[in-house]
>>> print(open('target05.cif').read())   # mmCIF, C-alpha atoms
data_final
loop_
_atom_site.group_PDB
_atom_site.id
_atom_site.type_symbol
_atom_site.label_atom_id
_atom_site.label_comp_id
_atom_site.auth_asym_id
_atom_site.auth_seq_id
_atom_site.Cartn_x
_atom_site.Cartn_y
_atom_site.Cartn_z
ATOM 1 C CA MET C 1 5.832 22.708 0.808
ATOM 2 C CA LYS C 2 5.540 23.030 4.572
ATOM 3 C CA ALA C 3 8.917 23.225 6.323
ATOM 4 C CA PHE C 4 9.682 22.398 9.951
ATOM 5 C CA ALA C 5 12.110 24.411 12.091
ATOM 6 C CA SER C 6 14.079 21.212 12.623
ATOM 7 C CA ASP C 7 13.774 17.500 11.945
ATOM 8 C CA VAL C 8 13.189 16.933 15.667
ATOM 9 C CA GLU C 9 10.197 19.284 15.550
ATOM 10 C CA GLY C 10 8.999 17.517 12.387
ATOM 11 C CA ALA C 11 9.269 14.127 14.100
ATOM 12 C CA LYS C 12 7.193 15.341 17.043
ATOM 13 C CA ARG C 13 4.578 16.826 14.714
ATOM 14 C CA LEU C 14 4.474 13.546 12.748
ATOM 15 C CA GLN C 15 3.808 11.515 15.882
ATOM 16 C CA GLU C 16 1.076 13.980 16.910
ATOM 17 C CA ALA C 17 -0.496 13.848 13.425
ATOM 18 C CA VAL C 18 -0.479 10.035 13.400
ATOM 19 C CA GLY C 19 -2.335 10.043 16.716
ATOM 20 C CA GLN C 20 -4.938 12.442 15.295
ATOM 21 C CA LEU C 21 -5.337 10.294 12.161
ATOM 22 C CA LYS C 22 -5.911 7.168 14.232
ATOM 23 C CA ALA C 23 -8.453 8.970 16.400
ATOM 24 C CA GLU C 24 -10.440 10.164 13.378
ATOM 25 C CA ILE C 25 -10.289 6.785 11.619
ATOM 26 C CA GLY C 26 -11.305 5.072 14.877
ATOM 27 C CA LYS C 27 -14.594 7.004 14.850
ATOM 28 C CA VAL C 28 -15.685 4.893 11.858
ATOM 29 C CA VAL C 29 -13.456 1.812 11.791
ATOM 30 C CA ILE C 30 -13.481 -0.118 15.072
ATOM 31 C CA GLY C 31 -10.423 -2.251 15.767
ATOM 32 C CA GLN C 32 -7.986 -3.234 12.985
ATOM 33 C CA HIS C 33 -5.328 -1.081 14.664
ATOM 34 C CA ASP C 34 -2.373 -2.841 13.037
ATOM 35 C CA ILE C 35 -3.880 -2.458 9.540
ATOM 36 C CA VAL C 36 -4.487 1.264 10.148
ATOM 37 C CA ASP C 37 -0.894 1.611 11.367
ATOM 38 C CA LYS C 38 0.499 -0.052 8.246
ATOM 39 C CA ILE C 39 -1.629 2.019 5.848
ATOM 40 C CA ILE C 40 -0.424 5.253 7.479
ATOM 41 C CA LEU C 41 3.127 3.921 7.392
ATOM 42 C CA ALA C 42 2.860 3.158 3.656
ATOM 43 C CA ILE C 43 1.572 6.684 2.982
ATOM 44 C CA LEU C 44 4.523 8.182 4.868
ATOM 45 C CA CYS C 45 6.866 6.073 2.718
ATOM 46 C CA ARG C 46 5.197 6.957 -0.620
ATOM 47 C CA GLY C 47 4.246 3.273 -0.876
ATOM 48 C CA HIS C 48 1.187 1.375 -2.079
ATOM 49 C CA ALA C 49 -0.701 -1.220 -0.041
ATOM 50 C CA LEU C 50 -2.733 -4.314 -0.937
ATOM 51 C CA LEU C 51 -5.460 -5.291 1.545
ATOM 52 C CA ILE C 52 -6.544 -8.928 1.398
ATOM 53 C CA GLY C 53 -9.594 -10.147 3.298
ATOM 54 C CA VAL C 54 -12.950 -11.863 3.022
ATOM 55 C CA PRO C 55 -16.046 -9.778 2.225
ATOM 56 C CA GLY C 56 -17.609 -7.665 4.942
ATOM 57 C CA LEU C 57 -14.458 -6.701 6.851
ATOM 58 C CA ALA C 58 -14.753 -2.983 5.964
ATOM 59 C CA LYS C 59 -11.678 -2.869 3.714
ATOM 60 C CA THR C 60 -13.291 -0.352 1.369
ATOM 61 C CA LEU C 61 -14.725 1.639 4.290
ATOM 62 C CA LEU C 62 -11.299 1.764 5.927
ATOM 63 C CA ILE C 63 -9.607 3.151 2.815
ATOM 64 C CA SER C 64 -12.334 5.711 2.128
ATOM 65 C CA THR C 65 -12.156 6.830 5.778
ATOM 66 C CA VAL C 66 -8.379 7.241 5.518
ATOM 67 C CA ALA C 67 -8.987 9.383 2.429
ATOM 68 C CA GLN C 68 -11.402 11.589 4.405
ATOM 69 C CA THR C 69 -8.767 12.241 7.075
ATOM 70 C CA LEU C 70 -6.334 13.469 4.411
ATOM 71 C CA ASP C 71 -7.231 16.627 2.505
ATOM 72 C CA LEU C 72 -6.505 14.978 -0.847
ATOM 73 C CA LYS C 73 -8.365 14.045 -4.020
ATOM 74 C CA PHE C 74 -9.793 10.517 -3.762
ATOM 75 C CA ASN C 75 -11.123 8.260 -6.520
ATOM 76 C CA ARG C 76 -12.502 4.736 -6.313
ATOM 77 C CA ILE C 77 -12.206 2.316 -9.232
ATOM 78 C CA GLN C 78 -14.396 -0.786 -9.089
ATOM 79 C CA PHE C 79 -12.476 -3.460 -10.980
ATOM 80 C CA THR C 80 -14.635 -5.740 -13.130
ATOM 81 C CA PRO C 81 -13.881 -8.271 -15.916
ATOM 82 C CA ASP C 82 -14.930 -5.786 -18.620
ATOM 83 C CA LEU C 83 -12.826 -2.880 -17.327
ATOM 84 C CA MET C 84 -10.412 -1.540 -19.966
ATOM 85 C CA PRO C 85 -7.086 0.325 -19.485
ATOM 86 C CA GLY C 86 -8.671 3.502 -20.854
ATOM 87 C CA ASP C 87 -11.295 3.327 -18.112
ATOM 88 C CA ILE C 88 -8.473 3.755 -15.586
ATOM 89 C CA LEU C 89 -5.937 5.972 -17.332
ATOM 90 C CA GLY C 90 -8.180 8.078 -19.536
ATOM 91 C CA SER C 91 -8.362 8.406 -23.312
ATOM 92 C CA GLU C 92 -8.136 10.843 -26.189
ATOM 93 C CA LEU C 93 -11.420 12.044 -27.662
ATOM 94 C CA LEU C 94 -11.889 13.662 -31.055
ATOM 95 C CA GLU C 95 -13.219 17.198 -30.591
ATOM 96 C CA ILE C 96 -14.349 19.812 -33.102
ATOM 97 C CA ASP C 97 -13.717 23.521 -32.553
ATOM 98 C CA PRO C 98 -17.164 25.148 -33.057
ATOM 99 C CA GLU C 99 -15.611 28.377 -34.372
ATOM 100 C CA THR C 100 -13.063 27.074 -36.875
ATOM 101 C CA GLY C 101 -14.398 23.564 -37.486
ATOM 102 C CA ARG C 102 -10.896 22.219 -36.833
ATOM 103 C CA ARG C 103 -10.678 18.702 -35.426
ATOM 104 C CA TYR C 104 -8.294 17.883 -32.614
ATOM 105 C CA PHE C 105 -7.723 15.257 -29.942
ATOM 106 C CA LYS C 106 -8.373 16.133 -26.315
ATOM 107 C CA PHE C 107 -7.078 13.987 -23.467
ATOM 108 C CA VAL C 108 -9.728 13.232 -20.856
ATOM 109 C CA LYS C 109 -8.152 12.129 -17.585
ATOM 110 C CA GLY C 110 -9.235 8.858 -16.006
ATOM 111 C CA PRO C 111 -9.822 8.153 -12.304
ATOM 112 C CA ILE C 112 -6.117 7.325 -11.819
ATOM 113 C CA PHE C 113 -5.548 11.091 -11.697
ATOM 114 C CA ALA C 114 -6.077 11.477 -7.967
ATOM 115 C CA ASN C 115 -3.907 11.492 -4.864
ATOM 116 C CA ILE C 116 -5.475 8.384 -3.326
ATOM 117 C CA VAL C 117 -6.825 5.697 -5.640
ATOM 118 C CA LEU C 118 -8.881 2.810 -4.264
ATOM 119 C CA ALA C 119 -8.537 -0.160 -6.628
ATOM 120 C CA ASP C 120 -11.468 -2.202 -5.333
ATOM 121 C CA GLU C 121 -11.269 -5.981 -5.951
ATOM 122 C CA VAL C 122 -8.225 -5.485 -8.158
ATOM 123 C CA ASN C 123 -8.001 -9.191 -9.045
ATOM 124 C CA ARG C 124 -11.380 -9.168 -10.836
ATOM 125 C CA THR C 125 -9.993 -7.538 -13.990
ATOM 126 C CA PRO C 126 -7.832 -9.180 -16.698
ATOM 127 C CA PRO C 127 -4.014 -8.813 -16.686
ATOM 128 C CA LYS C 128 -4.099 -6.267 -19.528
ATOM 129 C CA THR C 129 -6.038 -3.846 -17.344
ATOM 130 C CA GLN C 130 -4.092 -4.733 -14.197
ATOM 131 C CA ALA C 131 -0.912 -3.809 -16.083
ATOM 132 C CA ALA C 132 -2.305 -0.325 -16.724
ATOM 133 C CA LEU C 133 -1.596 0.387 -13.059
ATOM 134 C CA LEU C 134 2.091 -0.601 -13.322
ATOM 135 C CA GLU C 135 3.542 2.580 -14.817
ATOM 136 C CA ALA C 136 1.324 4.790 -12.682
ATOM 137 C CA MET C 137 2.345 3.019 -9.460
ATOM 138 C CA GLN C 138 6.068 2.983 -10.225
ATOM 139 C CA GLU C 139 6.717 6.038 -12.383
ATOM 140 C CA LYS C 140 3.922 8.300 -11.044
ATOM 141 C CA ARG C 141 2.887 9.131 -14.591
ATOM 142 C CA VAL C 142 0.626 7.940 -17.405
ATOM 143 C CA THR C 143 1.642 7.681 -21.080
ATOM 144 C CA ILE C 144 -1.132 8.055 -23.655
ATOM 145 C CA ALA C 145 -0.380 8.242 -27.415
ATOM 146 C CA GLY C 146 3.308 8.780 -26.662
ATOM 147 C CA GLU C 147 2.685 11.760 -24.365
ATOM 148 C CA ASP C 148 3.513 11.733 -20.663
ATOM 149 C CA HIS C 149 0.953 12.954 -18.141
ATOM 150 C CA PRO C 150 2.455 13.266 -14.626
ATOM 151 C CA LEU C 151 0.390 12.318 -11.583
ATOM 152 C CA GLU C 152 0.196 14.841 -8.772
ATOM 153 C CA GLU C 153 2.121 14.012 -5.618
ATOM 154 C CA PRO C 154 1.343 12.508 -3.194
ATOM 155 C CA PHE C 155 0.018 9.473 -5.042
ATOM 156 C CA PHE C 156 -1.011 6.151 -3.471
ATOM 157 C CA VAL C 157 -2.810 3.084 -4.729
ATOM 158 C CA LEU C 158 -4.664 1.220 -1.984
ATOM 159 C CA ALA C 159 -6.053 -1.992 -3.465
ATOM 160 C CA THR C 160 -8.397 -4.623 -2.043
ATOM 161 C CA GLN C 161 -8.619 -8.297 -2.905
ATOM 162 C CA ASN C 162 -10.945 -11.147 -1.923
ATOM 163 C CA PRO C 163 -8.876 -14.297 -1.191
ATOM 164 C CA ILE C 164 -11.671 -16.888 -1.212
ATOM 165 C CA GLU C 165 -13.425 -16.413 -4.566
ATOM 166 C CA GLN C 166 -11.368 -17.901 -7.399
ATOM 167 C CA GLU C 167 -14.033 -18.017 -10.117
ATOM 168 C CA GLY C 168 -13.947 -14.930 -12.314
ATOM 169 C CA THR C 169 -10.681 -13.639 -10.834
ATOM 170 C CA TYR C 170 -7.205 -13.139 -12.291
ATOM 171 C CA PRO C 171 -4.246 -13.572 -9.901
ATOM 172 C CA LEU C 172 -2.030 -10.510 -9.780
ATOM 173 C CA PRO C 173 1.274 -11.085 -11.627
ATOM 174 C CA GLU C 174 4.462 -11.000 -9.536
ATOM 175 C CA ALA C 175 5.598 -7.809 -11.300
ATOM 176 C CA GLN C 176 2.530 -5.974 -10.065
ATOM 177 C CA LEU C 177 2.596 -7.489 -6.591
ATOM 178 C CA ASP C 178 6.156 -6.202 -6.236
ATOM 179 C CA ARG C 179 4.876 -2.641 -6.754
ATOM 180 C CA PHE C 180 2.997 -2.833 -3.460
ATOM 181 C CA MET C 181 5.058 -1.929 -0.428
ATOM 182 C CA PHE C 182 2.803 -3.923 1.899
ATOM 183 C CA SER C 183 0.497 -6.911 1.617
ATOM 184 C CA LEU C 184 -1.938 -6.682 4.538
ATOM 185 C CA PHE C 185 -4.224 -9.506 5.679
ATOM 186 C CA VAL C 186 -7.430 -8.094 7.159
ATOM 187 C CA ASP C 187 -8.710 -10.607 9.703
ATOM 188 C CA TYR C 188 -12.076 -10.962 11.445
ATOM 189 C CA PRO C 189 -12.626 -8.438 14.271
ATOM 190 C CA GLU C 190 -12.247 -9.485 17.877
ATOM 191 C CA PHE C 191 -15.461 -10.259 19.779
ATOM 192 C CA ARG C 192 -15.662 -6.971 21.698
ATOM 193 C CA ASP C 193 -14.848 -4.980 18.553
ATOM 194 C CA GLU C 194 -17.579 -6.798 16.625
ATOM 195 C CA VAL C 195 -20.082 -5.989 19.369
ATOM 196 C CA GLU C 196 -19.211 -2.285 19.013
ATOM 197 C CA ILE C 197 -19.401 -2.526 15.209
ATOM 198 C CA VAL C 198 -22.897 -4.020 15.347
ATOM 199 C CA LYS C 199 -24.071 -1.363 17.834
ATOM 200 C CA ALA C 200 -22.710 1.455 15.663
ATOM 201 C CA THR C 201 -24.024 0.170 12.345
ATOM 202 C CA THR C 202 -27.541 -0.753 13.490
ATOM 203 C CA SER C 203 -28.437 2.655 14.906
ATOM 204 C CA ASN C 204 -29.027 6.168 13.588
ATOM 205 C CA GLN C 205 -25.604 7.216 14.755
ATOM 206 C CA LYS C 206 -23.801 9.431 12.212
ATOM 207 C CA VAL C 207 -20.115 10.141 12.501
ATOM 208 C CA GLU C 208 -18.336 13.125 10.981
ATOM 209 C CA VAL C 209 -14.698 12.567 10.043
ATOM 210 C CA LYS C 210 -12.570 15.661 9.613
ATOM 211 C CA ALA C 211 -9.392 16.095 7.556
ATOM 212 C CA VAL C 212 -6.288 16.093 9.736
ATOM 213 C CA LEU C 213 -3.472 16.554 7.203
ATOM 214 C CA LYS C 214 -3.153 18.677 4.110
ATOM 215 C CA ARG C 215 -1.078 17.963 1.015
ATOM 216 C CA ASP C 216 1.937 20.123 1.915
ATOM 217 C CA GLU C 217 2.299 18.572 5.362
ATOM 218 C CA ILE C 218 2.062 15.019 3.959
ATOM 219 C CA LEU C 219 4.819 15.809 1.439
ATOM 220 C CA ALA C 220 6.951 17.298 4.236
ATOM 221 C CA PHE C 221 6.497 14.142 6.342
ATOM 222 C CA GLN C 222 7.485 11.975 3.370
ATOM 223 C CA ASP C 223 10.696 13.964 2.939
ATOM 224 C CA LEU C 224 11.339 13.756 6.686
ATOM 225 C CA VAL C 225 11.132 9.955 6.590
ATOM 226 C CA ARG C 226 13.773 9.897 3.845
ATOM 227 C CA ARG C 227 16.118 12.031 5.974
ATOM 228 C CA VAL C 228 15.982 9.745 9.012
ATOM 229 C CA PRO C 229 19.493 8.347 9.683
ATOM 230 C CA VAL C 230 19.912 4.592 9.791
ATOM 231 C CA ALA C 231 22.854 2.600 11.129
ATOM 232 C CA ASP C 232 24.798 0.283 8.831
ATOM 233 C CA ASN C 233 23.963 -2.786 10.914
ATOM 234 C CA VAL C 234 20.224 -2.109 10.430
ATOM 235 C CA VAL C 235 20.643 -1.779 6.652
ATOM 236 C CA GLU C 236 22.753 -4.953 6.593
ATOM 237 C CA PHE C 237 20.103 -6.825 8.596
ATOM 238 C CA ALA C 238 17.379 -5.745 6.137
ATOM 239 C CA VAL C 239 19.429 -6.641 3.055
ATOM 240 C CA GLY C 240 20.506 -9.930 4.654
ATOM 241 C CA LEU C 241 16.896 -10.821 5.433
ATOM 242 C CA ALA C 242 15.824 -10.260 1.833
ATOM 243 C CA SER C 243 18.849 -12.035 0.355
ATOM 244 C CA LYS C 244 18.282 -15.129 2.506
ATOM 245 C CA THR C 245 14.967 -15.692 0.699
ATOM 246 C CA ARG C 246 16.860 -16.220 -2.593
ATOM 247 C CA ILE C 247 17.616 -19.904 -3.058
ATOM 248 C CA SER C 248 20.555 -19.137 -5.388
ATOM 249 C CA THR C 249 22.548 -17.270 -2.720
ATOM 250 C CA PRO C 250 24.986 -19.041 -0.369
ATOM 251 C CA ALA C 251 23.378 -17.283 2.619
ATOM 252 C CA ALA C 252 20.013 -18.992 2.059
ATOM 253 C CA PRO C 253 19.238 -21.541 4.835
ATOM 254 C CA ASP C 254 18.431 -25.122 3.862
ATOM 255 C CA PHE C 255 14.745 -24.770 4.745
ATOM 256 C CA ILE C 256 14.486 -21.804 2.364
ATOM 257 C CA ARG C 257 15.917 -23.876 -0.506
ATOM 258 C CA ASN C 258 13.329 -26.532 0.261
ATOM 259 C CA LEU C 259 10.297 -24.283 0.757
ATOM 260 C CA LEU C 260 10.754 -21.504 -1.825
ATOM 261 C CA ASN C 261 10.948 -21.351 -5.615
ATOM 262 C CA TRP C 262 11.650 -17.639 -5.745
ATOM 263 C CA GLY C 263 12.792 -14.987 -3.294
ATOM 264 C CA ALA C 264 12.423 -11.253 -2.767
ATOM 265 C CA GLY C 265 14.228 -8.713 -4.934
ATOM 266 C CA PRO C 266 16.105 -5.524 -3.991
ATOM 267 C CA ARG C 267 12.856 -3.554 -3.730
ATOM 268 C CA ALA C 268 12.110 -5.605 -0.601
ATOM 269 C CA SER C 269 15.378 -4.432 0.995
ATOM 270 C CA GLN C 270 14.532 -0.820 0.128
ATOM 271 C CA TYR C 271 11.055 -1.047 1.650
ATOM 272 C CA LEU C 272 12.368 -2.824 4.769
ATOM 273 C CA VAL C 273 14.713 0.087 5.486
ATOM 274 C CA LEU C 274 12.277 2.819 4.460
ATOM 275 C CA GLY C 275 9.433 1.221 6.417
ATOM 276 C CA ALA C 276 11.672 0.832 9.471
ATOM 277 C CA LYS C 277 12.386 4.566 9.366
ATOM 278 C CA ALA C 278 8.697 5.477 9.340
ATOM 279 C CA HIS C 279 7.932 2.809 11.969
ATOM 280 C CA ALA C 280 10.544 4.356 14.273
ATOM 281 C CA LEU C 281 9.247 7.916 13.765
ATOM 282 C CA MET C 282 5.661 6.851 14.478
ATOM 283 C CA ARG C 283 6.834 5.511 17.835
ATOM 284 C CA GLY C 284 8.800 8.576 18.887
ATOM 285 C CA LYS C 285 12.261 7.319 17.929
ATOM 286 C CA TYR C 286 14.675 9.334 15.796
ATOM 287 C CA ALA C 287 16.414 6.365 14.162
ATOM 288 C CA PRO C 288 15.293 2.796 13.427
ATOM 289 C CA ASP C 289 16.770 -0.349 14.916
ATOM 290 C CA ILE C 290 16.567 -4.013 13.928
ATOM 291 C CA GLU C 291 13.263 -4.443 15.790
ATOM 292 C CA ASP C 292 11.671 -1.856 13.495
ATOM 293 C CA VAL C 293 12.740 -3.950 10.494
ATOM 294 C CA ARG C 294 11.372 -7.113 12.073
ATOM 295 C CA ALA C 295 8.040 -5.383 12.828
ATOM 296 C CA ILE C 296 7.275 -4.857 9.130
ATOM 297 C CA ALA C 297 9.153 -7.802 7.600
ATOM 298 C CA THR C 298 6.142 -10.101 7.105
ATOM 299 C CA ASN C 299 4.081 -7.400 5.379
ATOM 300 C CA VAL C 300 6.976 -6.547 3.039
ATOM 301 C CA LEU C 301 8.062 -10.103 2.206
ATOM 302 C CA ARG C 302 4.912 -12.274 2.148
ATOM 303 C CA HIS C 303 3.892 -11.279 -1.408
ATOM 304 C CA ARG C 304 7.456 -11.276 -2.758
ATOM 305 C CA ILE C 305 8.296 -14.919 -2.113
ATOM 306 C CA VAL C 306 6.933 -17.895 -4.052
ATOM 307 C CA PRO C 307 6.470 -21.071 -1.961
ATOM 308 C CA SER C 308 7.541 -24.319 -3.590
ATOM 309 C CA PHE C 309 5.471 -27.451 -4.165
ATOM 310 C CA ASN C 310 7.005 -28.890 -0.986
ATOM 311 C CA ALA C 311 5.700 -25.940 1.059
ATOM 312 C CA GLU C 312 2.233 -26.188 -0.464
ATOM 313 C CA ALA C 313 2.121 -29.967 0.065
ATOM 314 C CA GLU C 314 3.006 -29.493 3.744
ATOM 315 C CA GLY C 315 0.556 -26.587 4.142
ATOM 316 C CA ILE C 316 3.309 -24.096 4.978
ATOM 317 C CA SER C 317 2.303 -20.516 4.158
ATOM 318 C CA ALA C 318 4.493 -17.611 3.085
ATOM 319 C CA ASP C 319 3.896 -16.022 6.504
ATOM 320 C CA ALA C 320 5.160 -19.145 8.258
ATOM 321 C CA ILE C 321 8.292 -19.156 6.100
ATOM 322 C CA VAL C 322 9.034 -15.509 6.921
ATOM 323 C CA LYS C 323 8.444 -16.175 10.632
ATOM 324 C CA GLN C 324 10.848 -19.130 10.507
ATOM 325 C CA LEU C 325 13.414 -16.956 8.752
ATOM 326 C CA LEU C 326 13.107 -14.252 11.413
ATOM 327 C CA THR C 327 13.670 -16.767 14.218
ATOM 328 C CA ALA C 328 16.393 -18.768 12.464
#
>>> encode(input="target05.cif", output="structure tokens")
Amino acid sequence: MKAFASDVEGAKRLQEAVGQLKAEIGKVVIGQHDIVDKIILAILCRGHALLIGVPGLAKTLLISTVAQTLDLKFNRIQFTPDLMPGDILGSELLEIDPETGRRYFKFVKGPIFANIVLADEVNRTPPKTQAALLEAMQEKRVTIAGEDHPLEEPFFVLATQNPIEQEGTYPLPEAQLDRFMFSLFVDYPEFRDEVEIVKATTSNQKVEVKAVLKRDEILAFQDLVRRVPVADNVVEFAVGLASKTRISTPAAPDFIRNLLNWGAGPRASQYLVLGAKAHALMRGKYAPDIEDVRAIATNVLRHRIVPSFNAEAEGISADAIVKQLLTA
């Protein structure tokens, strides 16, 4: 693994590398700067990200472009209603040794065995197949026929989801949603960005994207993020924010008890602190503050809280609830 002379040098190199990544991604993906930021941040934190947006917003293109800027193995899995767990994880095949005639089982790895996995339209496959991702995302390994097969680090799942088509889709269970560090809403591009997109995609222009980071440097950056010091008041703010979403705790405000059925678990607190560390490093700071926690709070919490019937009846979204909590 690549080692830096000091953590200060590593932090400077990280900020430089992030700038290079954004420049390379920007050659293909115009705009969407906040989404690009959050995807890079999730990678630095060893986290997974779920991108939600209507068709045609270049979600798949964005993820494949990110993969090109990282010198890592990339696989895309197109989720469909007939996809089976073995199609993702791999399966054991019966083989025959041509010399001895002996029969034996050989494990053939599935597309999950990559560093970056694009789970395209992840909500189009049944829960049984969705669950096949759970162990891989959390434990970084696959178990087939009682035998463990570790996944090579770094390992990220970047999934996409279409929010408007309900027919033929299967909502992701809360247990799987909780595995994603971030839930990112990909919105329509701004007018000027869309003009540039149309110009670029309706011409013969070809763009070459080069790899900026190699595996060893990515692993070193991930370890660096973990070593970033964080003050107790920042940790307490993050834990307090997550705990206030739980209607059973005394700290929960009255509007939370009215608008939520379920709050965020401890994994939200962990990702708030970890994400704040990476957010600070990406902006040239050596330690996070409360503003770094607030900057990522919506992306960490929006898919971990369950709005109540009252919230749905009043048209109050999860994002609005988190925003109210941050300003309360």
>>> resolve_selection(input="target05.cif", expression="the PyMOL selection byres ((chain C and resi 146-151) around 10)", output="list in words")
Leu89, Phe107, Lys109, Ile112, Phe113, Ala114, Asn115, Ala136, Met137, Glu139, Lys140, Arg141, Val142, Thr143, Ile144, Ala145, Glu152, Glu153, Pro154 and Phe155 of chain C
>>> closest_atom_pairs(input="target05.cif", of="range 165-195 of chain C", to="range 271-283 of chain C", cutoff="12 Å", atoms="only C-alpha atoms", output="JSON lines")
{"residue": "C:Asp178", "atom": "CA", "partner": "C:Tyr271", "partner_atom": "CA", "distance": 10.6}
{"residue": "C:Arg179", "atom": "CA", "partner": "C:Tyr271", "partner_atom": "CA", "distance": 10.6}
{"residue": "C:Phe180", "atom": "CA", "partner": "C:Tyr271", "partner_atom": "CA", "distance": 9.7}
{"residue": "C:Met181", "atom": "CA", "partner": "C:Tyr271", "partner_atom": "CA", "distance": 6.4}
{"residue": "C:Phe182", "atom": "CA", "partner": "C:Tyr271", "partner_atom": "CA", "distance": 8.7}
>>> residues_around(input="target05.cif", residues="Val212 in chain C", least_positions_apart="2", cutoff="9 Å", atoms="all atoms listed in the file", output="JSON, numbers by chain")
{"C": [17, 20, 21, 24, 68, 69, 70, 71, 210, 214]}
>>> write_last_selection(input="target05.cif", atoms="C-alpha atoms", output="PDB file, in the frame of the given file")
ATOM      1  CA  ALA C  17      -0.496  13.848  13.425  1.00  0.00           C
ATOM      2  CA  GLN C  20      -4.938  12.442  15.295  1.00  0.00           C
ATOM      3  CA  LEU C  21      -5.337  10.294  12.161  1.00  0.00           C
ATOM      4  CA  GLU C  24     -10.440  10.164  13.378  1.00  0.00           C
ATOM      5  CA  GLN C  68     -11.402  11.589   4.405  1.00  0.00           C
ATOM      6  CA  THR C  69      -8.767  12.241   7.075  1.00  0.00           C
ATOM      7  CA  LEU C  70      -6.334  13.469   4.411  1.00  0.00           C
ATOM      8  CA  ASP C  71      -7.231  16.627   2.505  1.00  0.00           C
ATOM      9  CA  LYS C 210     -12.570  15.661   9.613  1.00  0.00           C
ATOM     10  CA  LYS C 214      -3.153  18.677   4.110  1.00  0.00           C
TER      11      LYS C 214
END
>>> axis_aligned_box(input="target05.cif", around="range 18-32 of chain C", padding_each_side="5 Å", output="lines of an AutoDock Vina configuration file")
center_x = -8.1
center_y = 4.6
center_z = 14.2
size_x = 25.2
size_y = 25.7
size_z = 15.1
>>> closest_residue(input="target05.cif", among="C:Val306, C:Leu44, C:Ile290, C:Val8", to="Arg215 in chain C", atoms="all atoms listed in the file")
C:Leu44
>>> resolve_selection(input="target05.cif", expression="the PyMOL selection byres ((chain C and resi 11) around 8)", output="PyMOL selection string")
chain C and resi 7-10+12-15+224+281+284+286
>>> resolve_selection(input="target05.cif", expression="the PyMOL selection byres ((chain C and resi 118) around 7)", output="mmCIF file with C-alpha atoms, keeping the file's coordinate frame")
data_model
loop_
_atom_site.group_PDB
_atom_site.id
_atom_site.type_symbol
_atom_site.label_atom_id
_atom_site.label_comp_id
_atom_site.auth_asym_id
_atom_site.auth_seq_id
_atom_site.Cartn_x
_atom_site.Cartn_y
_atom_site.Cartn_z
ATOM 1 C CA ASN C 75 -11.123 8.260 -6.520
ATOM 2 C CA ARG C 76 -12.502 4.736 -6.313
ATOM 3 C CA ILE C 77 -12.206 2.316 -9.232
ATOM 4 C CA ILE C 116 -5.475 8.384 -3.326
ATOM 5 C CA VAL C 117 -6.825 5.697 -5.640
ATOM 6 C CA ALA C 119 -8.537 -0.160 -6.628
ATOM 7 C CA ASP C 120 -11.468 -2.202 -5.333
ATOM 8 C CA VAL C 157 -2.810 3.084 -4.729
ATOM 9 C CA LEU C 158 -4.664 1.220 -1.984
ATOM 10 C CA ALA C 159 -6.053 -1.992 -3.465
#
>>> residues_around(input="target05.cif", residues="Val54 in chain C", least_positions_apart="6", cutoff="12 Å", atoms="only C-alpha atoms", output="PyMOL selection string")
chain C and resi 60+121+160-165+185-189
>>> closest_residue(input="target05.cif", among="C:Thr245, C:Gln270, C:Asn233, C:Thr80", to="Leu326 in chain C", atoms="all atoms listed in the file")
C:Thr245
>>> atom_distance(input="target05.cif", atom1="CA of Lys199 in chain C", atom2="CA of Leu57 in chain C")
15.5 Å
>>> residues_around(input="target05.cif", residues="Pro85 in chain C", least_positions_apart="2", cutoff="8 Å", atoms="all atoms listed in the file", output="PyMOL selection string")
chain C and resi 83+87-90+128-130+132
>>> write_last_selection(input="target05.cif", atoms="C-alpha atoms", output="PDB file, in the coordinates of the input")
ATOM      1  CA  LEU C  83     -12.826  -2.880 -17.327  1.00  0.00           C
ATOM      2  CA  ASP C  87     -11.295   3.327 -18.112  1.00  0.00           C
ATOM      3  CA  ILE C  88      -8.473   3.755 -15.586  1.00  0.00           C
ATOM      4  CA  LEU C  89      -5.937   5.972 -17.332  1.00  0.00           C
ATOM      5  CA  GLY C  90      -8.180   8.078 -19.536  1.00  0.00           C
ATOM      6  CA  LYS C 128      -4.099  -6.267 -19.528  1.00  0.00           C
ATOM      7  CA  THR C 129      -6.038  -3.846 -17.344  1.00  0.00           C
ATOM      8  CA  GLN C 130      -4.092  -4.733 -14.197  1.00  0.00           C
ATOM      9  CA  ALA C 132      -2.305  -0.325 -16.724  1.00  0.00           C
TER      10      ALA C 132
END
>>> atom_distance(input="target05.cif", atom1="CA of Val322 in chain C", atom2="CA of Asp289 in chain C")
18.8 Å
>>> closest_residue(input="target05.cif", among="C:Leu93, C:Val293, C:Val228, C:Ile63", to="Gly240 in chain C", atoms="only C-alpha atoms")
C:Val293
>>> atom_distance(input="target05.cif", atom1="CA of Asn299 in chain C", atom2="CA of Ile25 in chain C")
21.1 Å
>>> closest_residue(input="target05.cif", among="C:Ile316, C:Ile30, C:Ile247, C:Leu133", to="His48 in chain C", atoms="all atoms listed in the file")
C:Leu133
>>> closest_residue(input="target05.cif", among="C:Ala42, C:Leu260, C:Leu51, C:Val122", to="Arg304 in chain C", atoms="only C-alpha atoms")
C:Leu260
>>> closest_residue(input="target05.cif", among="C:Ala297, C:Ile52, C:Ile35, C:Leu94", to="Phe237 in chain C", atoms="all atoms listed in the file")
C:Ala297
